[in-house]
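This report concerns only the one structure given below.
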Amino acid sequence: MKAKVNQDKCIGCGNCVALTESEVFDFNDDGLAHCILEEIPSDLEEVTKDAISQCPTEAIEEI
Ligand code: SF4
């Protein structure tokens, strides 16, 4: 799977970064989250889906 953060919706709360321990999502220079992996390995899919469902602004989408 792949994931993308909509920068217009992200408020930089850090939930997705914390949940994935910066292995899938991390902050960019603007303090907003972005996906750091081109392709998310299967062992990180579950936590990525948790991050998607728990994002308060629904900024993350599976692509
Ligand atoms: S959980 Fe959502 S709003 Fe919070 S940093 Fe991640 S993408 Fe941004």
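Identifiers for the structure tokens are assigned positionally: chains receive A, B, ... in sequence, residues are indexed from 1 per chain, and ligands are indexed from 1 in the order shown.
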
Inset, instruction - Write out as a PyMOL selection string all residues of chain A that DSSP puts in strand (DSSP E or B) for this structure's backbone. - result: chain A and resi 3-5+25-27+33-35+60-62

Against ligand 1, which residues of chain A fall within 7 Å? For each one I want the closest pair of atoms and the distance in Å (one decimal), counting only C-alpha atoms and all ligand atoms, rows by chain and increasing residue number, as CSV.
residue,atom,partner,partner_atom_place_in_ligand_line,distance
A:Val5,CA,ligand 1,7 (S),5.6
A:Lys9,CA,ligand 1,3 (S),6.8
A:Cys10,CA,ligand 1,8 (Fe),3.7
A:Ile11,CA,ligand 1,3 (S),4.4
A:Gly12,CA,ligand 1,5 (S),3.9
A:Cys13,CA,ligand 1,4 (Fe),3.9
A:Gly14,CA,ligand 1,5 (S),3.9
A:Asn15,CA,ligand 1,1 (S),4.3
A:Cys16,CA,ligand 1,6 (Fe),4.2
A:Val17,CA,ligand 1,6 (Fe),6.2
A:Leu32,CA,ligand 1,8 (Fe),5.9
A:Ala33,CA,ligand 1,5 (S),4.8
A:Ala51,CA,ligand 1,1 (S),6.4
A:Gln54,CA,ligand 1,1 (S),6.6
A:Cys55,CA,ligand 1,1 (S),3.8
A:Pro56,CA,ligand 1,2 (Fe),5.8
A:Thr57,CA,ligand 1,3 (S),5.5
A:Glu58,CA,ligand 1,2 (Fe),6.3
A:Ala59,CA,ligand 1,7 (S),5.0
A:Ile60,CA,ligand 1,7 (S),5.5

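Shortest atom-to-atom contact with A:Ala18 among A:Val47, A:Ile40, A:Ile63, A:Ala3: A:Val47, counting only C-alpha atoms.
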
Inset, instruction - Pick out the closest residue to A:Ile36 from this set: A:Ser53, A:Asn6, A:Thr48, A:Ser22. Count only C-alpha atoms. - result: A:Ser22

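Here the helix (DSSP H, G or I) residues in chain A, by DSSP on the backbone, are Asn15, Cys16, Val17, Ala18, Leu19, Ser42, Asp43, Leu44, Glu45, Glu46, Val47, Thr48, Lys49, Asp50, Ala51, Ile52, Ser53 and Gln54 of chain A.
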
Legend entry - Atomic distance atom CA of A:Ile52 - atom CA of A:Asp30, expressed in Å with one decimal: 20.2 Å

Legend entry - Computed interatomic separation between atom CA of A:Glu23 and atom CA of A:Leu44 (Å): 8.4 Å

Inset, instruction - Compile the contact shell of A:Val24 as an NGL selection string: residues with an atom at most 7 Å away, counting only C-alpha atoms, same-chain residues fewer than 3 positions apart removed. - result: :A and (20 or 35-37)

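Across the model, the gap from atom CA of A:Glu61 to atom CA of A:Asp29 is 20.9 Å.
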